[in-house]
Every structure is written in C-alpha cells, then in structure tokens.
file coords_21.csv (CSV, C-alpha atoms)
chain,number,residue,atom,x,y,z
W,176,MET,CA,-23.9,-9.6,-27.8
W,177,PRO,CA,-20.8,-8.5,-29.7
W,178,VAL,CA,-22.3,-5.1,-30.1
W,179,SER,CA,-22.7,-4.5,-26.4
W,180,GLU,CA,-19.2,-5.9,-25.8
W,181,ALA,CA,-17.8,-3.5,-28.2
W,182,LEU,CA,-19.6,-0.7,-26.4
W,183,VAL,CA,-18.2,-1.8,-23.1
W,184,GLN,CA,-14.7,-1.8,-24.5
W,185,ALA,CA,-15.0,1.5,-26.3
W,186,LYS,CA,-12.6,4.2,-25.4
W,187,ILE,CA,-13.8,7.4,-23.8
W,188,PRO,CA,-14.5,10.0,-26.6
W,189,GLN,CA,-11.8,12.7,-26.9
W,190,ASP,CA,-14.0,15.6,-26.0
W,191,LEU,CA,-15.1,13.9,-22.8
W,192,VAL,CA,-11.5,13.2,-21.8
W,193,LYS,CA,-11.0,16.8,-21.0
W,194,ASP,CA,-14.2,17.4,-19.2
W,195,LEU,CA,-14.0,14.3,-17.0
W,196,GLY,CA,-10.3,14.6,-16.4
W,197,VAL,CA,-9.8,10.9,-16.9
W,198,GLU,CA,-7.9,8.9,-19.5
W,199,SER,CA,-8.8,5.5,-20.8
W,200,LEU,CA,-6.3,2.8,-20.0
W,201,SER,CA,-4.4,0.8,-22.4
W,202,ARG,CA,-6.0,-2.4,-23.6
W,203,THR,CA,-4.1,-4.8,-21.3
W,204,HIS,CA,-4.4,-2.6,-18.3
W,205,ALA,CA,-8.1,-2.3,-18.9
W,206,GLN,CA,-8.5,-6.0,-19.3
W,207,ALA,CA,-6.6,-6.7,-16.1
W,208,PHE,CA,-8.8,-4.2,-14.3
W,209,ALA,CA,-12.0,-5.6,-15.7
W,210,GLN,CA,-11.1,-9.1,-14.7
W,211,ALA,CA,-10.2,-8.2,-11.2
W,212,PHE,CA,-13.3,-6.1,-10.9
W,213,LEU,CA,-15.6,-8.9,-12.1
W,214,LYS,CA,-13.9,-11.5,-9.9
W,215,ASN,CA,-14.3,-9.3,-6.9
W,216,SER,CA,-18.0,-8.6,-7.6
W,217,ILE,CA,-18.9,-12.1,-8.6
W,218,ARG,CA,-17.3,-13.9,-5.6
W,219,GLN,CA,-19.9,-12.5,-3.2
W,220,HIS,CA,-22.7,-13.9,-5.3
W,221,ARG,CA,-21.4,-17.4,-5.1
W,222,HIS,CA,-21.1,-17.1,-1.4
W,223,HIS,CA,-24.8,-16.1,-1.2
W,224,GLU,CA,-25.8,-19.1,-3.3
W,225,MET,CA,-23.9,-21.4,-1.1
W,226,LYS,CA,-25.6,-20.0,1.9
W,227,ASP,CA,-29.1,-20.3,0.4
W,228,MET,CA,-28.4,-24.0,-0.4
W,229,LEU,CA,-27.4,-24.7,3.1
W,230,LYS,CA,-30.4,-22.9,4.4
W,231,ARG,CA,-32.9,-25.2,2.7
W,232,LYS,CA,-31.4,-28.4,3.9
W,233,ALA,CA,-31.9,-29.4,7.5
W,234,LEU,CA,-28.4,-29.6,8.9
W,235,ILE,CA,-28.2,-30.4,12.6
W,236,LEU,CA,-24.7,-30.7,13.8
W,237,GLY,CA,-25.2,-30.9,17.5
W,238,TYR,CA,-26.9,-28.3,19.5
W,239,ALA,CA,-25.1,-25.4,21.3
W,240,ARG,CA,-26.7,-22.5,23.0
W,241,PRO,CA,-26.0,-19.5,20.9
W,242,LYS,CA,-23.4,-17.4,22.7
W,243,LYS,CA,-24.0,-13.7,23.1
W,244,ASP,CA,-22.1,-12.2,20.3
W,245,LYS,CA,-19.9,-9.6,21.9
W,246,SER,CA,-18.1,-8.8,18.8
W,247,LYS,CA,-21.3,-7.4,17.3
W,248,ARG,CA,-21.4,-4.4,19.5
W,249,ASN,CA,-18.1,-3.0,18.5
W,250,SER,CA,-18.2,-4.4,15.0
W,251,LYS,CA,-18.2,-0.9,13.6
W,252,LYS,CA,-14.8,-0.1,15.1
W,253,ALA,CA,-11.9,-1.6,13.4
W,254,LYS,CA,-9.8,-3.6,15.8
W,255,GLY,CA,-7.1,-4.8,13.5
W,256,LEU,CA,-5.9,-8.3,13.2
W,257,ASN,CA,-3.7,-10.1,15.7
W,258,ALA,CA,-0.7,-12.1,14.7
W,259,ARG,CA,-2.5,-15.4,14.4
W,260,GLN,CA,-5.2,-14.0,12.1
W,261,LYS,CA,-2.6,-12.4,10.0
W,262,ARG,CA,-0.8,-15.7,9.6
W,263,GLU,CA,-4.0,-17.5,8.8
W,264,ARG,CA,-5.1,-15.1,6.2
W,265,LYS,CA,-1.6,-14.9,4.6
W,266,ILE,CA,-1.9,-11.2,4.6
W,267,PHE,CA,1.5,-10.4,3.1
W,268,GLN,CA,2.3,-13.5,1.1
W,269,ILE,CA,2.6,-12.9,-2.6
W,270,LYS,CA,0.7,-15.4,-4.7
W,271,PRO,CA,2.8,-17.4,-7.2
W,272,GLU,CA,1.0,-15.9,-10.2
W,273,HIS,CA,2.1,-12.4,-9.3
W,274,GLN,CA,5.8,-13.4,-9.0
W,275,ARG,CA,6.8,-12.1,-12.3
W,276,TYR,CA,9.8,-9.9,-12.9
W,277,GLU,CA,8.3,-7.6,-15.4
W,278,LEU,CA,5.4,-6.7,-13.1
W,279,PHE,CA,7.9,-5.1,-10.8
W,280,LEU,CA,9.8,-3.0,-13.3
W,281,PRO,CA,7.5,0.0,-12.9
W,282,LEU,CA,8.1,-0.2,-9.2
W,283,HIS,CA,11.8,0.0,-9.7
W,284,GLU,CA,11.4,3.0,-12.0
W,285,LEU,CA,9.3,4.7,-9.3
W,286,TRP,CA,12.0,3.9,-6.7
W,287,ARG,CA,14.7,5.4,-8.9
W,288,GLN,CA,12.7,8.6,-9.1
W,289,TYR,CA,12.2,8.6,-5.4
W,290,VAL,CA,15.9,8.1,-4.5
W,291,ILE,CA,17.0,10.7,-7.0
W,292,ASP,CA,14.5,13.1,-5.6
W,293,LEU,CA,15.5,12.3,-2.0
W,294,CYS,CA,19.2,12.9,-2.7
W,295,GLY,CA,18.6,16.1,-4.5
W,296,GLY,CA,19.5,15.2,-8.0
W,297,LEU,CA,22.3,12.7,-7.1
W,298,LYS,CA,25.0,14.2,-9.2
W,299,PRO,CA,28.5,12.8,-9.2
W,300,THR,CA,29.6,15.9,-7.4
W,301,SER,CA,27.3,15.4,-4.4
W,302,ASN,CA,28.9,14.4,-1.1
W,303,PRO,CA,28.9,10.7,-0.8
W,304,GLN,CA,28.6,10.8,3.0
W,305,LEU,CA,25.5,12.9,2.8
W,306,VAL,CA,23.9,10.6,0.3
W,307,GLN,CA,24.6,7.6,2.5
W,308,GLN,CA,23.0,9.4,5.4
W,309,LYS,CA,19.9,9.8,3.3
W,310,LEU,CA,20.0,6.3,2.1
W,311,LEU,CA,20.1,4.9,5.6
W,312,LYS,CA,16.6,6.3,6.2
W,313,ALA,CA,15.3,5.7,2.8
W,314,ASP,CA,13.0,2.9,1.6
W,315,PHE,CA,14.5,0.1,-0.4
W,316,HIS,CA,11.4,-1.6,-1.7
W,317,GLY,CA,11.8,-1.7,-5.4
W,318,ALA,CA,15.5,-1.4,-5.5
W,319,ILE,CA,17.7,-3.7,-7.6
W,320,ILE,CA,19.9,-5.4,-5.0
W,321,THR,CA,22.9,-7.7,-5.4
W,322,VAL,CA,24.5,-9.9,-2.8
W,323,VAL,CA,28.2,-9.1,-2.8
W,324,ARG,CA,29.5,-11.0,0.1
W,325,SER,CA,28.0,-13.6,2.3
W,326,LYS,CA,28.9,-16.4,4.7
W,327,CYS,CA,26.9,-18.7,2.5
W,328,PRO,CA,28.6,-18.7,-0.9
W,329,SER,CA,25.5,-19.8,-2.8
W,330,TYR,CA,23.8,-16.4,-2.1
W,331,VAL,CA,26.6,-14.4,-3.6
W,332,GLY,CA,25.7,-12.9,-7.0
W,333,THR,CA,22.0,-13.1,-6.6
W,334,THR,CA,20.4,-10.1,-8.2
W,335,GLY,CA,16.8,-8.9,-8.2
W,336,ILE,CA,14.2,-6.4,-7.3
W,337,LEU,CA,13.6,-6.1,-3.6
W,338,VAL,CA,10.0,-6.8,-3.0
W,339,GLN,CA,9.5,-7.1,0.7
W,340,GLU,CA,11.7,-6.3,3.6
W,341,PHE,CA,11.2,-8.0,6.9
W,342,LYS,CA,13.1,-8.0,10.2
W,343,HIS,CA,15.6,-10.6,9.3
W,344,ILE,CA,14.9,-11.2,5.6
W,345,PHE,CA,14.9,-9.6,2.2
W,346,LYS,CA,12.5,-11.0,-0.3
W,347,ILE,CA,13.9,-10.6,-3.8
W,348,ILE,CA,12.4,-11.4,-7.2
W,349,THR,CA,15.0,-12.4,-9.7
W,350,LYS,CA,14.9,-12.2,-13.5
W,351,GLU,CA,14.0,-15.9,-13.7
W,352,ASN,CA,10.7,-15.0,-11.9
W,353,LYS,CA,11.8,-16.6,-8.7
W,354,LEU,CA,11.1,-15.3,-5.3
W,355,LYS,CA,14.2,-15.7,-3.2
W,356,VAL,CA,14.4,-15.2,0.5
W,357,ILE,CA,17.7,-14.0,1.7
W,358,PRO,CA,18.7,-13.5,5.3
W,359,LYS,CA,20.2,-10.2,6.2
W,360,ARG,CA,22.6,-11.5,8.7
W,361,ASN,CA,26.2,-12.2,7.5
W,362,SER,CA,25.7,-10.8,4.0
W,363,VAL,CA,26.6,-7.6,2.3
W,364,PHE,CA,24.3,-6.1,-0.3
W,365,ALA,CA,25.0,-3.6,-3.0
W,366,VAL,CA,22.4,-1.1,-4.3
W,367,GLU,CA,23.1,0.8,-7.5
W,368,VAL,CA,21.5,4.1,-8.4
W,369,ASN,CA,22.8,6.1,-11.4
W,370,GLY,CA,26.2,4.7,-11.1
W,371,PHE,CA,26.4,5.3,-7.4
W,372,VAL,CA,26.9,2.0,-5.7
W,373,SER,CA,26.4,1.7,-1.9
W,374,HIS,CA,26.9,-1.3,0.2
W,375,ILE,CA,24.6,-2.4,2.9
W,376,TYR,CA,25.9,-4.5,5.8
W,377,GLY,CA,23.0,-6.8,6.5
W,378,SER,CA,24.0,-7.6,10.0
W,379,LYS,CA,23.7,-3.9,11.0
W,380,PHE,CA,20.4,-3.7,9.1
W,381,GLU,CA,18.4,-6.2,11.1
W,382,GLN,CA,15.4,-4.2,11.8
W,383,ARG,CA,12.0,-3.9,10.3
W,384,ALA,CA,11.7,-1.5,7.4
W,385,SER,CA,9.5,0.8,9.5
W,386,GLU,CA,11.7,0.8,12.5
W,387,ARG,CA,14.7,1.9,10.6
W,388,SER,CA,13.3,5.3,9.9
W,389,ALA,CA,13.2,6.1,13.7
W,390,LYS,CA,16.4,4.4,14.7
W,391,LYS,CA,19.7,6.0,15.1
W,392,PHE,CA,22.7,4.3,13.7
W,393,LYS,CA,26.0,4.0,15.4
W,394,VAL,CA,28.7,5.7,13.4
W,395,ARG,CA,31.1,2.9,13.0
W,396,GLY,CA,31.4,-0.3,14.8
W,397,THR,CA,33.5,-3.2,13.8
W,398,ILE,CA,32.1,-5.0,10.9
W,399,ASP,CA,33.1,-8.5,10.4
W,400,LEU,CA,31.6,-11.3,8.3
A,79,MET,CA,15.9,23.2,11.0
A,80,ALA,CA,17.4,19.8,11.2
A,81,LEU,CA,14.2,18.4,12.6
A,82,GLN,CA,12.2,19.8,9.7
A,83,LEU,CA,14.5,18.2,7.2
A,84,LYS,CA,14.3,14.8,8.9
A,85,ASP,CA,10.6,15.0,8.7
A,86,LYS,CA,10.8,15.8,5.1
A,87,ASP,CA,12.6,12.6,4.4
A,88,ALA,CA,10.0,10.6,6.3
A,89,TYR,CA,7.2,12.3,4.4
A,90,GLN,CA,9.0,11.5,1.1
A,91,ARG,CA,9.2,7.9,2.2
A,92,LEU,CA,5.5,7.8,3.1
A,93,ASN,CA,4.7,9.3,-0.3
A,94,TYR,CA,6.9,6.8,-2.1
A,95,LEU,CA,5.2,3.9,-0.2
A,96,TYR,CA,1.8,5.2,-1.0
A,97,GLN,CA,2.6,5.5,-4.7
A,98,ALA,CA,4.3,2.1,-4.8
A,99,ALA,CA,1.1,0.5,-3.5
A,100,HIS,CA,-0.8,2.3,-6.3
A,101,CYS,CA,1.8,1.2,-8.8
A,102,VAL,CA,1.6,-2.5,-7.7
A,103,LEU,CA,-2.2,-2.5,-7.9
A,104,SER,CA,-2.2,-0.9,-11.3
A,105,GLN,CA,0.2,-3.5,-12.6
A,106,SER,CA,-1.7,-6.4,-11.3
A,107,PRO,CA,-5.0,-5.6,-9.7
A,108,GLU,CA,-5.2,-8.8,-7.8
A,109,ASN,CA,-1.9,-8.5,-6.0
A,110,VAL,CA,-3.5,-7.1,-2.9
A,111,GLU,CA,-0.9,-8.6,-0.6
A,112,LEU,CA,2.0,-6.5,-1.7
A,113,ALA,CA,0.1,-3.3,-1.8
A,114,ARG,CA,-1.1,-4.1,1.7
A,115,PHE,CA,2.4,-4.7,2.8
A,116,TYR,CA,3.5,-1.3,1.6
A,117,CYS,CA,0.5,0.4,3.2
A,118,PHE,CA,1.2,-1.4,6.4
A,119,THR,CA,4.8,-0.2,6.4
A,120,GLN,CA,3.6,3.3,5.6
A,121,ARG,CA,1.3,3.2,8.6
A,122,THR,CA,3.9,1.8,11.0
A,123,ILE,CA,6.4,4.5,10.0
A,124,ALA,CA,3.8,7.2,10.5
A,125,ARG,CA,3.0,5.7,13.8
A,126,ARG,CA,6.6,5.5,15.0
A,127,LEU,CA,7.6,9.0,14.0
A,128,VAL,CA,4.2,10.4,15.1
A,129,LEU,CA,3.5,12.0,11.7
A,130,ARG,CA,0.1,13.1,10.8
A,131,GLN,CA,-1.3,11.9,7.4
A,132,ASP,CA,-3.7,13.7,5.3
A,133,PRO,CA,-7.3,12.6,5.6
A,134,SER,CA,-7.5,11.9,1.9
A,135,VAL,CA,-4.7,9.3,2.4
A,136,LYS,CA,-6.3,7.9,5.5
A,137,ARG,CA,-9.6,7.4,3.8
A,138,THR,CA,-8.1,5.2,1.2
A,139,LEU,CA,-6.5,2.7,3.7
A,140,CYS,CA,-8.4,0.0,5.5
A,141,LYS,CA,-8.1,0.3,9.2
A,142,LYS,CA,-8.4,-3.4,9.8
A,143,CYS,CA,-6.2,-5.0,7.3
A,144,CYS,CA,-4.2,-2.0,6.0
A,145,SER,CA,-5.1,-2.6,2.3
A,146,LEU,CA,-5.4,0.2,-0.2
A,147,LEU,CA,-9.0,0.9,-1.0
A,148,ILE,CA,-9.7,1.5,-4.6
A,149,PRO,CA,-13.3,1.4,-5.6
A,150,GLY,CA,-14.0,-1.5,-7.8
A,151,VAL,CA,-10.6,-3.2,-7.2
A,152,THR,CA,-10.3,-3.7,-3.5
A,153,ALA,CA,-13.4,-1.9,-2.2
A,154,SER,CA,-17.0,-1.5,-3.0
A,155,THR,CA,-18.7,1.9,-2.7
A,156,ARG,CA,-22.3,2.2,-2.0
A,157,GLN,CA,-24.8,4.9,-1.2
A,158,ARG,CA,-26.9,4.3,1.8
A,159,ARG,CA,-29.5,6.4,3.5
A,160,LYS,CA,-30.8,6.5,7.0
A,161,ASN,CA,-33.9,8.6,6.7
A,162,SER,CA,-35.0,10.8,3.8
A,163,ARG,CA,-32.3,13.4,4.4
A,164,THR,CA,-29.1,11.9,5.6
A,165,ARG,CA,-27.2,9.9,3.1
A,166,PHE,CA,-23.9,8.1,3.5
A,167,THR,CA,-21.2,6.7,1.3
A,168,VAL,CA,-20.1,3.3,2.5
A,169,VAL,CA,-16.8,2.0,1.4
A,170,ARG,CA,-16.3,-1.6,2.2
A,171,CYS,CA,-13.0,-3.5,2.0
A,172,LEU,CA,-13.4,-6.6,-0.1
A,173,SER,CA,-10.7,-8.6,1.6
A,174,CYS,CA,-11.7,-8.2,5.3
A,175,GLY,CA,-15.2,-6.7,5.1
A,176,GLN,CA,-14.5,-3.7,7.2
A,177,SER,CA,-16.5,-0.7,6.1
A,178,LYS,CA,-16.0,3.0,6.4
A,179,THR,CA,-18.9,5.4,6.4
A,180,PHE,CA,-18.8,9.0,5.2
A,181,LEU,CA,-21.7,11.4,5.6
A,182,ASN,CA,-22.6,13.2,2.4
A,183,ASP,CA,-22.5,16.8,3.4
A,184,PRO,CA,-21.6,19.3,0.8
A,185,ASP,CA,-21.0,22.0,3.4
A,186,HIS,CA,-18.6,19.9,5.4
A,187,CYS,CA,-15.1,21.3,5.6
A,188,LEU,CA,-12.2,19.3,6.9
A,189,TRP,CA,-10.1,20.7,9.7
A,190,VAL,CA,-7.0,20.6,7.6
A,191,ASP,CA,-8.6,22.8,5.0
A,192,GLN,CA,-9.6,25.4,7.5
A,193,PRO,CA,-7.4,28.4,7.9
A,194,GLU,CA,-7.0,27.9,11.6
A,195,ALA,CA,-5.3,24.6,11.1
A,196,GLN,CA,-2.6,26.2,9.0
A,197,LEU,CA,-2.0,28.8,11.7
A,198,GLU,CA,-1.7,26.1,14.4
A,199,GLN,CA,1.1,24.2,12.7
A,200,GLN,CA,3.2,27.1,11.5
A,201,LYS,CA,6.5,25.5,12.3
A,202,GLN,CA,5.6,22.4,10.5
A,203,PRO,CA,4.5,22.6,6.8
A,204,ASP,CA,1.3,21.0,5.9
A,205,PRO,CA,1.8,17.3,5.2
A,206,GLY,CA,-0.9,17.3,2.6
A,207,PRO,CA,0.8,18.5,-0.5
A,208,SER,CA,3.9,16.4,0.0
A,209,ILE,CA,2.0,13.2,0.3
A,210,GLN,CA,-0.7,13.7,-2.3
A,211,LYS,CA,1.6,15.4,-4.7
A,212,GLN,CA,1.2,12.9,-7.5
A,213,PRO,CA,-1.0,9.9,-6.8
A,214,LYS,CA,-1.4,9.7,-10.5
A,215,ASN,CA,-1.4,6.0,-10.5
A,216,THR,CA,-5.0,6.0,-9.3
A,217,LYS,CA,-7.0,4.5,-12.0
A,218,PRO,CA,-10.0,6.3,-13.5
A,219,ASP,CA,-12.9,4.3,-12.4
A,220,VAL,CA,-14.2,2.2,-15.3
A,221,SER,CA,-17.6,1.6,-13.9
A,222,SER,CA,-19.1,5.0,-13.5
A,223,LYS,CA,-20.5,5.1,-10.0
A,224,PRO,CA,-22.5,7.9,-8.6
A,225,SER,CA,-19.8,10.2,-7.4
A,226,ALA,CA,-21.6,11.7,-4.6
A,227,ALA,CA,-18.7,10.5,-2.6
A,228,GLN,CA,-16.8,13.4,-3.9
A,229,SER,CA,-19.0,15.8,-2.1
A,230,THR,CA,-17.4,14.7,1.1
A,231,ALA,CA,-14.3,13.1,0.1
A,232,SER,CA,-13.0,15.9,-2.0
A,233,THR,CA,-10.4,17.5,0.1

call {"tool": "encode", "arguments": {"input": "coords_21.csv", "output": "structure tokens"}}
result
Amino acid sequence: MPVSEALVQAKIPQDLVKDLGVESLSRTHAQAFAQAFLKNSIRQHRHHEMKDMLKRKALILGYARPKKDKSKRNSKKAKGLNARQKRERKIFQIKPEHQRYELFLPLHELWRQYVIDLCGGLKPTSNPQLVQQKLLKADFHGAIITVVRSKCPSYVGTTGILVQEFKHIFKIITKENKLKVIPKRNSVFAVEVNGFVSHIYGSKFEQRASERSAKKFKVRGTIDL
Amino acid sequence: MALQLKDKDAYQRLNYLYQAAHCVLSQSPENVELARFYCFTQRTIARRLVLRQDPSVKRTLCKKCCSLLIPGVTASTRQRRKNSRTRFTVVRCLSCGQSKTFLNDPDHCLWVDQPEAQLEQQKQPDPGPSIQKQPKNTKPDVSSKPSAAQSTAST
C-alpha cells in the first residue's frame, strides 16, 4: 500500500513537465485538491447505496398518481434557479471552515495587480480625478477596506478583505478570521492602493456590484452622514 | 473612442472576476460558493453591458448555478457516445447536476476563430485575448483523463 501511495504522490518527472506543459502543485495544494476531488467523487457513491437500500425495502407512504413530469422534457436546457431555490441551497453563503484570512491573501494580491493595471501604473503623478473615475467602475472584491466614519460607532475602524458585495451590504473578513457584515448606508469606507487612499461613501454606493458598472454617477450631491 | 475605453474597463473587470474565481478555488477547492458568487457577478455584468464573452469562458461556467466548472473539482468530465461514430464530451456540474455536452469533432471551428468574425467586429477588438489573457490559476488536472475534450474545446 505505501508503495502505491508514494506513486500517487510522486511529482511529474522533469522531462515530462515541458512536454505536457503542466507543473506539479506544491504539497499542500495537491493535498487540498486531492481531498476535494475524492470527496466529490465519493459522495455520489453513497447516494447510490442509500437508494439501493431503500429500493429493497417495501416503503409505502400513501399512494399518489404519478404526475406527468413536465420538467423532464426541457431538462436539457438550463433554466437557472429562482430566488427561493437560491435561498434554500445557500448558493452564496461561505461555509465557516473557509472563513480564514490567509485564504484570501492571494485574492488581495490579485486585486492589487488588477487595480494597478486598470489605472495604468498608478504613479503618484497620475491625475487623482481620473483614478477615481476608474475606481468607480472597478471591482472591489478582494480589496482591503476600512470603515472610516459611520453613524454606528462600533463599525468604525473595522479592517478586512472585502469578500462579497451585495446591494446594501459589504461582507468583510477580518484578521481575526471573522466574517463581518457591514451595511453600506451611513458609513464611509477607505480603500488603499499603493499609498493612494480613496474614500467610498456607502450611501451613494447602494447598488449591486454588477449594476454599478452600468450606472452613471451624479457628479456631486450633498453628502451627509 | 470613449466607448471603446469604457468597454475595456468592463472587460478588465470581467477578467479579474474570472481570475478571482480561479484563485479562490485554487486556495480552497471546496469553497464553491465564493467562486460561484464571482462568476455570477461576472455574468450579470456581461448581461447588463451586453458584452460578448469568449466561448472558452462560457464553457467553464455552469448555466444553471453559475459555478466555475473545473474538471475534478466542481465538474465531472465523461466521454459518451451515441452510435459508433459520434462521441460527446459531457461536463456535469457537481453541485446542481446540470450537464453540458460538446460534440467531439476535430474539424469544428468556432465562429470566433474564423476570419469573417474578425471582419465583422472591426470597431470592437476581439474580447477573447483580454479575458483569457492569463487564466494561469487553472490547475493541471491531477487525474489524467482522456483529453479528447480538447479536440473541441481548444479554442
């Protein structure tokens, strides 16, 4: 058994790396992948076993005429999920075991590259107004965000990586591995990139992340907290 | 000119979201929810601004639940055949069970790759390169599957 295990965990030989164009992952990465892979492939098996068990037993739970399955005809075509199904399946909820700060550091690094690329280098000489224009339409998932001002004083000073952005809410993961939900309304957030700090007025930002890219912003209204 | 620049921003954003989804999945392969959220955002942005995405991107997103399909992690890839000649690659999403079917046809050429498509959208640069510029976060598949999929999916 140990021999075969070693075979499975062996790295791809050097000469093959060039031919295949793939690289072997680091040990932890590979382990994480293997676990997820196994879990995904084994789950189906269990399901089948359960079904088999149920088949052999006589289970009569009242009789109902089998309805004509209308869904079967267009089962090939994806219909998407409606809101209730989304809520039931918890489509976007992050599980507690994934709420770890260090898991999101690469995401932040990626975001940094994205913003610097978006603003064309982001030198100290670049026009701040232009950068702000760009940042309005940019994506903030992965940014390190700080609450500067808020009507509720206990929010002030919270810092973390922005994980999800909803219509009225930012979901932030802090260094203490806690997922915090912060409402956008009545707060001011600060985003820092390469020493360039920009403030976001949450009350003006109350849209979905996707809608913001299409929306036009009024130049300057009165902003009060 | 201004319109073109605005589109470029949006494409950069789509590109970032796509990469972020890959990044999250490579960090923790079971965190499907967050990757799905990013892909969902990506899709809604593309929908709102009426941007066309490259087929290679579209083929890695589930149409039903918007999750990113990576063979082995969030999707299973199987070879099916109808009769002796026609063979299909079936990609099935593990979280919602929706499947995509691609015909294995080595001679198939996507519309985007054909020269006429380039002529048609002269004023707008091809979205392909900006989006699939560096999806380097895709993992090399550990379990070596028959890669007949590449005969069709290679774009």

call {"tool": "atom_distance", "arguments": {"input": "coords_21.csv", "atom1": "CA of Ala185 in chain W", "atom2": "CA of Glu108 in chain A"}}
result
23.3 Å

call {"tool": "residues_around", "arguments": {"input": "coords_21.csv", "residues": "Val110 in chain A", "least_positions_apart": "3", "cutoff": "10 Å", "atoms": "all atoms listed in the file", "output": "count of residues only"}}
result
19

call {"tool": "atom_distance", "arguments": {"input": "coords_21.csv", "atom1": "CA of Lys359 in chain W", "atom2": "CA of Phe315 in chain W"}}
result
13.5 Å

call {"tool": "closest_residue", "arguments": {"input": "coords_21.csv", "among": "W:Ala313, W:Val323, W:Ile375, W:Leu305", "to": "chain A", "atoms": "only C-alpha atoms"}}
result
W:Ala313

call {"tool": "atom_distance", "arguments": {"input": "coords_21.csv", "atom1": "CA of Pro358 in chain W", "atom2": "CA of Lys142 in chain A"}}
result
29.3 Å

call {"tool": "interface_residues", "arguments": {"input": "coords_21.csv", "of": "chain W", "to": "chain A", "cutoff": "8 Å", "atoms": "only C-alpha atoms", "output": "PyMOL selection string"}}
result
chain W and resi 197-199+204+207-208+211-212+215+251+253-256+266-270+273+278-279+281-282+285-286+289+293+309+312-314+339+384-386+388-389

call {"tool": "closest_residue", "arguments": {"input": "coords_21.csv", "among": "W:Leu280, W:Val363, W:Leu310, W:Ile291", "to": "Lys379 in chain W", "atoms": "only C-alpha atoms"}}
result
W:Val363
